[in-house]
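Okay, entry_20.csv now, which holds CSV, C-alpha atoms:
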chain,number,residue,atom,x,y,z
A,8,MET,CA,-17.6,-55.9,-3.4
A,9,ASN,CA,-21.4,-55.6,-2.9
A,10,ILE,CA,-22.5,-52.1,-1.9
A,11,VAL,CA,-24.8,-52.3,1.1
A,12,ILE,CA,-25.3,-48.6,1.8
A,13,ARG,CA,-25.3,-45.9,-0.9
A,14,THR,CA,-26.3,-42.3,-0.5
A,15,ASP,CA,-26.3,-39.8,-3.4
A,16,ASN,CA,-26.4,-36.1,-2.6
A,17,LEU,CA,-28.2,-36.9,0.7
A,18,SER,CA,-29.2,-33.7,2.6
A,19,LYS,CA,-31.1,-33.1,5.8
A,20,HIS,CA,-31.9,-29.5,7.0
A,21,TYR,CA,-33.6,-28.4,10.2
A,22,GLY,CA,-35.1,-25.1,11.3
A,23,LYS,CA,-38.0,-23.0,9.9
A,24,GLY,CA,-36.0,-22.0,6.8
A,25,GLY,CA,-33.7,-25.0,6.7
A,26,GLU,CA,-30.8,-23.0,8.0
A,27,ILE,CA,-29.4,-25.8,10.1
A,28,LYS,CA,-27.6,-28.3,7.8
A,29,ALA,CA,-27.3,-31.6,9.7
A,30,VAL,CA,-26.3,-33.4,6.5
A,31,GLU,CA,-25.4,-31.7,3.2
A,32,ALA,CA,-24.8,-33.4,-0.2
A,33,LEU,CA,-23.5,-36.6,1.3
A,34,ASP,CA,-22.2,-39.2,-1.2
A,35,LEU,CA,-21.2,-42.4,0.6
A,36,GLU,CA,-20.8,-46.1,-0.1
A,37,VAL,CA,-20.4,-48.9,2.5
A,38,TYR,CA,-19.5,-52.4,1.4
A,39,GLU,CA,-20.9,-55.8,2.5
A,40,GLY,CA,-19.0,-57.3,5.4
A,41,GLU,CA,-16.9,-54.2,6.4
A,42,THR,CA,-16.9,-52.2,9.6
A,43,PHE,CA,-17.3,-48.6,8.6
A,44,GLY,CA,-16.9,-45.7,11.1
A,45,LEU,CA,-18.4,-42.2,10.8
A,46,LEU,CA,-16.3,-39.9,12.8
A,47,GLY,CA,-17.0,-36.3,13.6
A,48,PRO,CA,-17.4,-33.7,16.4
A,49,ASN,CA,-20.6,-33.7,18.5
A,50,GLY,CA,-23.3,-32.1,16.4
A,51,ALA,CA,-21.6,-32.8,13.1
A,52,GLY,CA,-24.5,-34.7,11.7
A,53,LYS,CA,-23.5,-38.3,12.4
A,54,THR,CA,-26.7,-39.6,13.9
A,55,THR,CA,-28.9,-37.9,11.4
A,56,THR,CA,-27.0,-39.6,8.6
A,57,VAL,CA,-27.5,-43.1,10.1
A,58,ARG,CA,-31.2,-42.5,10.4
A,59,LEU,CA,-31.4,-41.7,6.7
A,60,ASN,CA,-29.0,-44.0,5.1
A,61,GLY,CA,-29.5,-46.9,2.7
A,62,TYR,CA,-33.0,-47.2,1.3
A,63,ASP,CA,-36.1,-45.1,0.7
A,64,ILE,CA,-37.3,-45.0,4.2
A,65,LEU,CA,-40.6,-43.6,3.2
A,66,LYS,CA,-41.6,-46.2,0.6
A,67,GLU,CA,-39.7,-49.2,2.0
A,68,GLU,CA,-40.0,-48.8,5.8
A,69,THR,CA,-40.8,-52.4,6.5
A,70,GLN,CA,-37.9,-53.7,4.4
A,71,VAL,CA,-35.5,-51.3,6.1
A,72,LYS,CA,-36.5,-52.5,9.6
A,73,ARG,CA,-36.1,-56.1,8.6
A,74,ILE,CA,-32.5,-55.7,7.2
A,75,THR,CA,-31.1,-53.4,9.9
A,76,GLY,CA,-30.4,-53.5,13.6
A,77,LEU,CA,-29.9,-50.3,15.6
A,78,LEU,CA,-28.1,-49.6,18.9
A,79,ALA,CA,-29.0,-46.0,19.6
A,80,GLU,CA,-26.8,-43.8,21.8
A,81,SER,CA,-29.5,-43.5,24.5
A,82,PRO,CA,-31.6,-46.7,24.1
A,83,GLY,CA,-34.5,-47.7,26.2
A,84,LEU,CA,-34.3,-50.8,28.3
A,85,TYR,CA,-37.2,-52.4,30.4
A,86,GLU,CA,-35.2,-53.2,33.5
A,87,LYS,CA,-38.1,-55.1,35.2
A,88,LEU,CA,-37.7,-57.8,32.6
A,89,SER,CA,-35.1,-60.5,32.6
A,90,ALA,CA,-32.6,-60.6,29.7
A,91,TYR,CA,-34.5,-63.5,28.2
A,92,GLU,CA,-37.9,-61.8,28.5
A,93,PHE,CA,-36.6,-58.6,27.0
A,94,LEU,CA,-35.1,-60.4,24.0
A,95,GLU,CA,-38.4,-62.4,23.7
A,96,PHE,CA,-40.3,-59.1,23.6
A,97,MET,CA,-38.0,-57.6,21.0
A,98,GLY,CA,-38.2,-60.7,18.8
A,99,ALA,CA,-42.0,-60.4,18.9
A,100,LEU,CA,-41.8,-56.8,17.7
A,101,TYR,CA,-39.7,-57.9,14.7
A,102,ASP,CA,-42.1,-60.8,14.0
A,103,VAL,CA,-39.5,-63.5,14.6
A,104,PRO,CA,-41.3,-66.8,14.3
A,105,ASN,CA,-41.9,-68.5,17.7
A,106,ASN,CA,-40.4,-71.8,16.5
A,107,ILE,CA,-37.0,-70.2,16.1
A,108,LEU,CA,-37.1,-67.3,18.6
A,109,SER,CA,-36.3,-69.3,21.7
A,110,GLU,CA,-33.3,-71.0,20.1
A,111,ARG,CA,-32.0,-67.6,18.7
A,112,ILE,CA,-32.3,-66.0,22.1
A,113,ASP,CA,-30.3,-68.8,23.7
A,114,ASP,CA,-27.6,-68.6,21.0
A,115,LEU,CA,-27.3,-64.8,21.4
A,116,LEU,CA,-27.1,-65.1,25.2
A,117,LYS,CA,-24.4,-67.8,24.9
A,118,LEU,CA,-22.5,-65.7,22.3
A,119,PHE,CA,-22.5,-62.7,24.6
A,120,GLU,CA,-21.7,-64.8,27.7
A,121,LEU,CA,-25.0,-64.0,29.4
A,122,TYR,CA,-26.7,-67.4,29.3
A,123,ASP,CA,-26.2,-68.2,33.0
A,124,ARG,CA,-27.9,-64.9,33.9
A,125,ARG,CA,-30.7,-65.1,31.4
A,126,ASP,CA,-33.4,-65.1,34.1
A,127,TYR,CA,-31.9,-62.2,36.1
A,128,LEU,CA,-33.7,-58.8,36.0
A,129,LEU,CA,-31.9,-56.3,33.9
A,130,GLU,CA,-31.9,-53.8,36.7
A,131,GLY,CA,-29.2,-55.9,38.3
A,132,TYR,CA,-27.0,-55.9,35.3
A,133,SER,CA,-23.8,-53.8,34.9
A,134,ARG,CA,-23.7,-51.2,32.2
A,135,GLY,CA,-21.5,-53.4,30.1
A,136,MET,CA,-23.9,-56.3,30.4
A,137,LYS,CA,-26.9,-54.1,29.6
A,138,GLN,CA,-25.1,-52.9,26.4
A,139,LYS,CA,-24.6,-56.5,25.5
A,140,VAL,CA,-28.3,-57.2,25.8
A,141,LEU,CA,-29.1,-54.2,23.7
A,142,ILE,CA,-26.7,-55.4,21.0
A,143,ALA,CA,-28.4,-58.8,21.2
A,144,ALA,CA,-31.7,-57.1,20.8
A,145,ALA,CA,-30.5,-55.3,17.6
A,146,MET,CA,-29.6,-58.7,16.3
A,147,ILE,CA,-32.6,-60.7,17.3
A,148,HIS,CA,-34.1,-60.7,13.7
A,149,ASP,CA,-30.7,-61.6,12.2
A,150,PRO,CA,-30.2,-58.4,10.1
A,151,PRO,CA,-27.2,-58.2,7.8
A,152,LEU,CA,-26.6,-54.6,8.6
A,153,LEU,CA,-26.0,-53.1,12.1
A,154,PHE,CA,-25.9,-49.5,13.1
A,155,PHE,CA,-24.1,-48.6,16.4
A,156,ASP,CA,-24.4,-45.0,17.6
A,157,GLU,CA,-21.6,-44.3,20.2
A,158,PRO,CA,-21.6,-48.0,21.3
A,159,THR,CA,-19.2,-47.4,24.3
A,160,SER,CA,-20.9,-44.1,25.4
A,161,MET,CA,-20.9,-43.8,29.3
A,162,LEU,CA,-19.2,-47.1,29.8
A,163,ASP,CA,-16.2,-47.7,32.1
A,164,PRO,CA,-13.0,-48.9,30.4
A,165,ARG,CA,-13.7,-52.6,31.3
A,166,ALA,CA,-17.2,-52.5,29.9
A,167,ALA,CA,-16.0,-50.6,26.8
A,168,LEU,CA,-13.4,-53.2,26.1
A,169,MET,CA,-16.1,-55.9,26.5
A,170,VAL,CA,-18.3,-54.2,23.9
A,171,LYS,CA,-15.4,-53.6,21.5
A,172,ASP,CA,-14.5,-57.2,21.6
A,173,LEU,CA,-18.1,-58.1,20.9
A,174,ILE,CA,-18.3,-55.8,17.8
A,175,LYS,CA,-15.1,-57.4,16.5
A,176,LYS,CA,-16.6,-60.8,16.9
A,177,LEU,CA,-19.7,-59.8,15.0
A,178,ALA,CA,-17.7,-58.5,12.1
A,179,GLU,CA,-15.2,-61.3,11.9
A,180,SER,CA,-17.3,-64.4,12.9
A,181,ALA,CA,-20.9,-63.4,12.1
A,182,GLY,CA,-20.2,-61.7,8.8
A,183,LYS,CA,-22.2,-58.6,9.6
A,184,THR,CA,-21.8,-55.2,8.0
A,185,VAL,CA,-21.3,-52.8,10.9
A,186,PHE,CA,-21.7,-49.0,10.7
A,187,ILE,CA,-20.4,-47.1,13.7
A,188,CYS,CA,-21.0,-43.5,14.6
A,189,SER,CA,-18.6,-42.0,17.2
A,190,HIS,CA,-16.5,-39.0,18.1
A,191,ILE,CA,-14.1,-41.2,20.1
A,192,LEU,CA,-11.1,-41.7,17.9
A,193,PRO,CA,-9.7,-44.9,19.5
A,194,ILE,CA,-13.0,-46.7,18.9
A,195,VAL,CA,-13.1,-46.2,15.1
A,196,GLU,CA,-9.3,-46.6,14.9
A,197,GLU,CA,-9.4,-50.0,16.6
A,198,LEU,CA,-12.6,-51.4,15.0
A,199,CYS,CA,-13.1,-49.9,11.5
A,200,ASP,CA,-11.9,-51.1,8.1
A,201,ARG,CA,-12.6,-47.6,6.7
A,202,ILE,CA,-13.8,-44.4,8.1
A,203,GLY,CA,-15.5,-41.2,7.0
A,204,VAL,CA,-14.9,-37.8,8.6
A,205,ILE,CA,-18.0,-35.6,8.7
A,206,ASP,CA,-18.0,-31.9,9.8
A,207,GLN,CA,-20.8,-29.4,9.7
A,208,GLY,CA,-22.9,-31.9,7.8
A,209,ARG,CA,-20.4,-32.5,5.0
A,210,LEU,CA,-18.3,-35.6,4.4
A,211,ILE,CA,-14.8,-34.2,4.1
A,212,ALA,CA,-12.7,-37.4,4.0
A,213,VAL,CA,-13.2,-41.1,3.5
A,214,GLY,CA,-10.8,-44.1,3.3
A,215,THR,CA,-8.7,-46.3,5.5
A,216,ILE,CA,-7.0,-44.7,8.5
A,217,ASP,CA,-3.7,-44.9,6.6
A,218,ASP,CA,-5.2,-43.2,3.6
A,219,ILE,CA,-6.5,-40.3,5.7
A,220,ILE,CA,-3.3,-39.9,7.6
A,221,ALA,CA,-1.4,-39.8,4.2
A,222,GLN,CA,-3.9,-37.3,2.7
A,223,THR,CA,-3.4,-34.9,5.5
A,224,GLU,CA,0.4,-35.5,5.8
A,225,THR,CA,0.1,-36.1,9.5
A,226,ARG,CA,1.3,-38.9,11.8
A,227,THR,CA,-1.8,-40.1,13.7
A,228,LEU,CA,-5.5,-40.2,13.2
A,229,GLU,CA,-5.9,-37.6,16.0
A,230,GLU,CA,-3.6,-35.2,14.1
A,231,ALA,CA,-5.5,-35.9,10.8
A,232,PHE,CA,-8.9,-35.4,12.5
A,233,ILE,CA,-7.8,-32.0,13.9
A,234,ASN,CA,-6.3,-31.1,10.5
A,235,LEU,CA,-9.5,-31.8,8.8
A,236,THR,CA,-12.0,-30.4,11.2
A,237,GLY,CA,-10.0,-27.6,12.7
A,238,GLY,CA,-8.9,-27.3,16.4
A,239,VAL,CA,-9.9,-24.7,19.0
A,240,GLU,CA,-8.5,-21.3,17.9
A,241,GLU,CA,-6.2,-19.5,20.3
A,242,LYS,CA,-8.6,-16.5,20.5
A,243,GLU,CA,-11.4,-18.8,21.7
A,244,LEU,CA,-9.2,-20.2,24.5
A,245,LEU,CA,-8.1,-16.7,25.5
A,246,ALA,CA,-11.7,-15.5,25.6
A,247,TRP,CA,-12.6,-18.4,27.8
A,248,ARG,CA,-9.7,-17.7,30.2
A,249,GLU,CA,-10.7,-14.0,30.4
A,250,GLN,CA,-14.3,-14.8,31.1
A,251,LYS,CA,-13.3,-17.2,33.8
A,252,GLY,CA,-11.0,-14.7,35.4
A,253,ALA,CA,-13.8,-12.1,35.4
A,254,ASN,CA,-16.0,-14.3,37.5
A,255,PRO,CA,-15.6,-14.2,41.3
Could you show the structure in this file as structure tokens?
Amino acid sequence: MNIVIRTDNLSKHYGKGGEIKAVEALDLEVYEGETFGLLGPNGAGKTTTVRLNGYDILKEETQVKRITGLLAESPGLYEKLSAYEFLEFMGALYDVPNNILSERIDDLLKLFELYDRRDYLLEGYSRGMKQKVLIAAAMIHDPPLLFFDEPTSMLDPRAALMVKDLIKKLAESAGKTVFICSHILPIVEELCDRIGVIDQGRLIAVGTIDDIIAQTETRTLEEAFINLTGGVEEKELLAWREQKGANP
């Protein structure tokens, strides 16, 4: 299988003295056509990893932009534009030729079942529909690799199901390599071929869900995740209860 993403000893530190280790000595390979999930607690370094993955982002910035599409956890959306206008704007930013941009927008809107509302302002769209438009924007330049950071964040169950079905379709029908960052276990469990578990900046497990469950000698991904990352210690819970009881 072709390796689409490879990191070797990737590290990213923050703070004046580099004391905050967002990513530490990360070795990772993601293969063409797979859906890979990076799973970890909030603040574990997932988003930082995505922003650094793959190529030399300092020397090959233009190339990186052309081969990747990104759905950020808190993306911007120009709600006074229609869906068609927004995708037209995004296509222009990616230098998609005018002679193919219009057809590609129509194809994406049809794929995402938004074609009949292409001229409606985005401010009138539901959260699920807006997320569809943002995914379409990430695909407007037809990149082979898609990064989704918490793709169902702040969505209601119906909208989340809609987005999950869409991601499945992208992987199965469009042949995209999809990299998902999430701390929501059912998302990665349902969508991903393989997953990596990251904690305190370090990759502590990688493989299929069955592999990771077997490695930890647990029964479910939830149990495996807690086993790998550690749960809340009893003394922490007791301290919280005592603090709460002390307040009026």
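Atom CA of A:Arg73 is found 28.5 Å from atom CA of A:Tyr127.
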Exercise for the section: Pick out the closest residue to A:Glu95 from this set: A:Lys171, A:Lys72, A:Arg111, A:Arg201. Count only C-alpha atoms. Expected result: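 For A:Glu95, the nearest of the candidates is A:Arg111.
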Hey, which bits of stretch 66-176 of chain A sit within 10 Å of stretch 190-199 of chain A, and for each residue what's the closest pair of atoms and how far apart in Å (one decimal), counting all atoms listed in the file, rows by chain and increasing number, as a tab-separated table?
residue	atom	partner	partner_atom	distance
A:Asp156	CA	A:His190	CA	9.9
A:Glu157	CA	A:His190	CA	7.6
A:Pro158	CA	A:Ile194	CA	9.0
A:Thr159	CA	A:Ile194	CA	8.3
A:Ser160	CA	A:Ile191	CA	9.1
A:Ala167	CA	A:Ile194	CA	9.3
A:Leu168	CA	A:Ile194	CA	9.7
A:Lys171	CA	A:Leu198	CA	7.4
A:Asp172	CA	A:Leu198	CA	9.0
A:Ile174	CA	A:Leu198	CA	7.7
A:Lys175	CA	A:Leu198	CA	6.7
Exercise for the section: Have a look at A:Gly214, A:Ser81, A:Gly182, A:Asp15 and name the one nearest to A:Leu33; count only C-alpha atoms. Expected result: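 Residue with the minimum atom-to-atom distance to A:Leu33: A:Asp15.
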Problem - Nearby residues (all atoms listed in the file) at most 12 Å from stretch 122-124 of chain A, same-chain spacing under 3 positions excluded, as a PyMOL selection string - result: chain A and resi 89-92+110-119+127-129+131-133+136-137+139-140+143
Handout entry: Local residues around (-24.2, -43.4, -1.9), at most 7 Å away, using only C-alpha atoms, as a list in words
Key = Ile12, Arg13, Thr14, Asp15, Asp34, Leu35 and Glu36 of chain A
Handout entry: Computed interatomic separation between atom CA of A:His20 and atom CA of A:Ser189 (Å)
Key =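 Those two atoms sit 20.9 Å apart.
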Problem - Distance of atom CA of A:Ser180 from atom CA of A:Ala99, expressed in Å to one decimal place - result: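 About the pair atom CA of A:Ala99 and atom CA of A:Ser180: they are 25.7 Å apart.
With distances taken over only C-alpha atoms, A:Leu153 is the one residue among A:Leu162, A:Ala144, A:Leu153, A:Ile27 lying closest to A:Ile74.
Proximity of A:Arg134, A:Leu228, A:Glu26, A:Lys183 to A:Asp163, computed with all atoms listed in the file, is greatest for A:Arg134.
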Completion exercise
Judged by all atoms listed in the file, the minimum distance to A:Leu17 among A:Glu86, A:Leu45, A:Gly52, A:Val213 is found for A:Gly52
Give me stretch 202-224 of chain A with N, CA, C and O atoms filled in, as an mmCIF file, in the frame of the given file.
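Below you can see rebuild.cif, which holds the result:
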data_model
loop_
_atom_site.group_PDB
_atom_site.id
_atom_site.type_symbol
_atom_site.label_atom_id
_atom_site.label_comp_id
_atom_site.auth_asym_id
_atom_site.auth_seq_id
_atom_site.Cartn_x
_atom_site.Cartn_y
_atom_site.Cartn_z
ATOM 1 N N ILE A 202 -13.098 -45.394 7.379
ATOM 2 C CA ILE A 202 -13.800 -44.400 8.100
ATOM 3 C C ILE A 202 -14.162 -43.209 7.217
ATOM 4 O O ILE A 202 -13.535 -42.996 6.172
ATOM 5 N N GLY A 203 -15.184 -42.461 7.609
ATOM 6 C CA GLY A 203 -15.500 -41.200 7.000
ATOM 7 C C GLY A 203 -15.478 -40.120 8.033
ATOM 8 O O GLY A 203 -15.890 -40.357 9.169
ATOM 9 N N VAL A 204 -14.973 -38.965 7.692
ATOM 10 C CA VAL A 204 -14.900 -37.800 8.600
ATOM 11 C C VAL A 204 -15.981 -36.828 8.161
ATOM 12 O O VAL A 204 -15.969 -36.392 7.001
ATOM 13 N N ILE A 205 -16.904 -36.496 9.049
ATOM 14 C CA ILE A 205 -18.000 -35.600 8.700
ATOM 15 C C ILE A 205 -17.863 -34.339 9.623
ATOM 16 O O ILE A 205 -17.556 -34.456 10.814
ATOM 17 N N ASP A 206 -18.065 -33.174 9.053
ATOM 18 C CA ASP A 206 -18.000 -31.900 9.800
ATOM 19 C C ASP A 206 -18.947 -30.925 9.230
ATOM 20 O O ASP A 206 -18.977 -30.726 8.009
ATOM 21 N N GLN A 207 -19.765 -30.319 10.096
ATOM 22 C CA GLN A 207 -20.800 -29.400 9.700
ATOM 23 C C GLN A 207 -21.660 -29.927 8.562
ATOM 24 O O GLN A 207 -22.033 -29.247 7.609
ATOM 25 N N GLY A 208 -21.980 -31.218 8.726
ATOM 26 C CA GLY A 208 -22.900 -31.900 7.800
ATOM 27 C C GLY A 208 -22.285 -32.400 6.531
ATOM 28 O O GLY A 208 -22.954 -33.081 5.759
ATOM 29 N N ARG A 209 -21.016 -32.112 6.270
ATOM 30 C CA ARG A 209 -20.400 -32.500 5.000
ATOM 31 C C ARG A 209 -19.336 -33.615 5.261
ATOM 32 O O ARG A 209 -18.574 -33.548 6.224
ATOM 33 N N LEU A 210 -19.302 -34.586 4.369
ATOM 34 C CA LEU A 210 -18.300 -35.600 4.400
ATOM 35 C C LEU A 210 -17.005 -35.024 3.800
ATOM 36 O O LEU A 210 -16.976 -34.681 2.612
ATOM 37 N N ILE A 211 -15.967 -34.891 4.610
ATOM 38 C CA ILE A 211 -14.800 -34.200 4.100
ATOM 39 C C ILE A 211 -13.606 -35.136 3.878
ATOM 40 O O ILE A 211 -12.597 -34.715 3.310
ATOM 41 N N ALA A 212 -13.725 -36.405 4.274
ATOM 42 C CA ALA A 212 -12.700 -37.400 4.000
ATOM 43 C C ALA A 212 -13.251 -38.782 4.166
ATOM 44 O O ALA A 212 -14.104 -39.006 5.013
ATOM 45 N N VAL A 213 -12.770 -39.725 3.356
ATOM 46 C CA VAL A 213 -13.200 -41.100 3.500
ATOM 47 C C VAL A 213 -12.077 -42.017 3.011
ATOM 48 O O VAL A 213 -11.366 -41.698 2.056
ATOM 49 N N GLY A 214 -11.882 -43.147 3.698
ATOM 50 C CA GLY A 214 -10.800 -44.100 3.300
ATOM 51 C C GLY A 214 -10.365 -44.868 4.527
ATOM 52 O O GLY A 214 -10.944 -44.785 5.615
ATOM 53 N N THR A 215 -9.304 -45.628 4.355
ATOM 54 C CA THR A 215 -8.700 -46.300 5.500
ATOM 55 C C THR A 215 -8.006 -45.249 6.362
ATOM 56 O O THR A 215 -7.772 -44.107 5.917
ATOM 57 N N ILE A 216 -7.676 -45.623 7.570
ATOM 58 C CA ILE A 216 -7.000 -44.700 8.500
ATOM 59 C C ILE A 216 -5.664 -44.253 7.860
ATOM 60 O O ILE A 216 -5.296 -43.074 7.876
ATOM 61 N N ASP A 217 -4.939 -45.224 7.285
ATOM 62 C CA ASP A 217 -3.700 -44.900 6.600
ATOM 63 C C ASP A 217 -3.861 -43.925 5.488
ATOM 64 O O ASP A 217 -3.049 -43.014 5.284
ATOM 65 N N ASP A 218 -4.939 -44.115 4.729
ATOM 66 C CA ASP A 218 -5.200 -43.200 3.600
ATOM 67 C C ASP A 218 -5.427 -41.779 4.114
ATOM 68 O O ASP A 218 -4.879 -40.827 3.539
ATOM 69 N N ILE A 219 -6.216 -41.642 5.165
ATOM 70 C CA ILE A 219 -6.500 -40.300 5.700
ATOM 71 C C ILE A 219 -5.331 -39.625 6.301
ATOM 72 O O ILE A 219 -5.113 -38.425 6.138
ATOM 73 N N ILE A 220 -4.516 -40.402 6.990
ATOM 74 C CA ILE A 220 -3.300 -39.900 7.600
ATOM 75 C C ILE A 220 -2.357 -39.380 6.429
ATOM 76 O O ILE A 220 -1.749 -38.301 6.505
ATOM 77 N N ALA A 221 -2.280 -40.182 5.362
ATOM 78 C CA ALA A 221 -1.400 -39.800 4.200
ATOM 79 C C ALA A 221 -1.963 -38.563 3.522
ATOM 80 O O ALA A 221 -1.196 -37.663 3.137
ATOM 81 N N GLN A 222 -3.288 -38.484 3.359
ATOM 82 C CA GLN A 222 -3.900 -37.300 2.700
ATOM 83 C C GLN A 222 -3.634 -36.024 3.408
ATOM 84 O O GLN A 222 -3.471 -34.971 2.785
ATOM 85 N N THR A 223 -3.601 -36.104 4.741
ATOM 86 C CA THR A 223 -3.400 -34.900 5.500
ATOM 87 C C THR A 223 -1.955 -34.640 5.908
ATOM 88 O O THR A 223 -1.647 -33.656 6.577
ATOM 89 N N GLU A 224 -1.085 -35.581 5.494
ATOM 90 C CA GLU A 224 0.400 -35.500 5.800
ATOM 91 C C GLU A 224 0.610 -35.311 7.276
ATOM 92 O O GLU A 224 1.380 -34.457 7.721
#
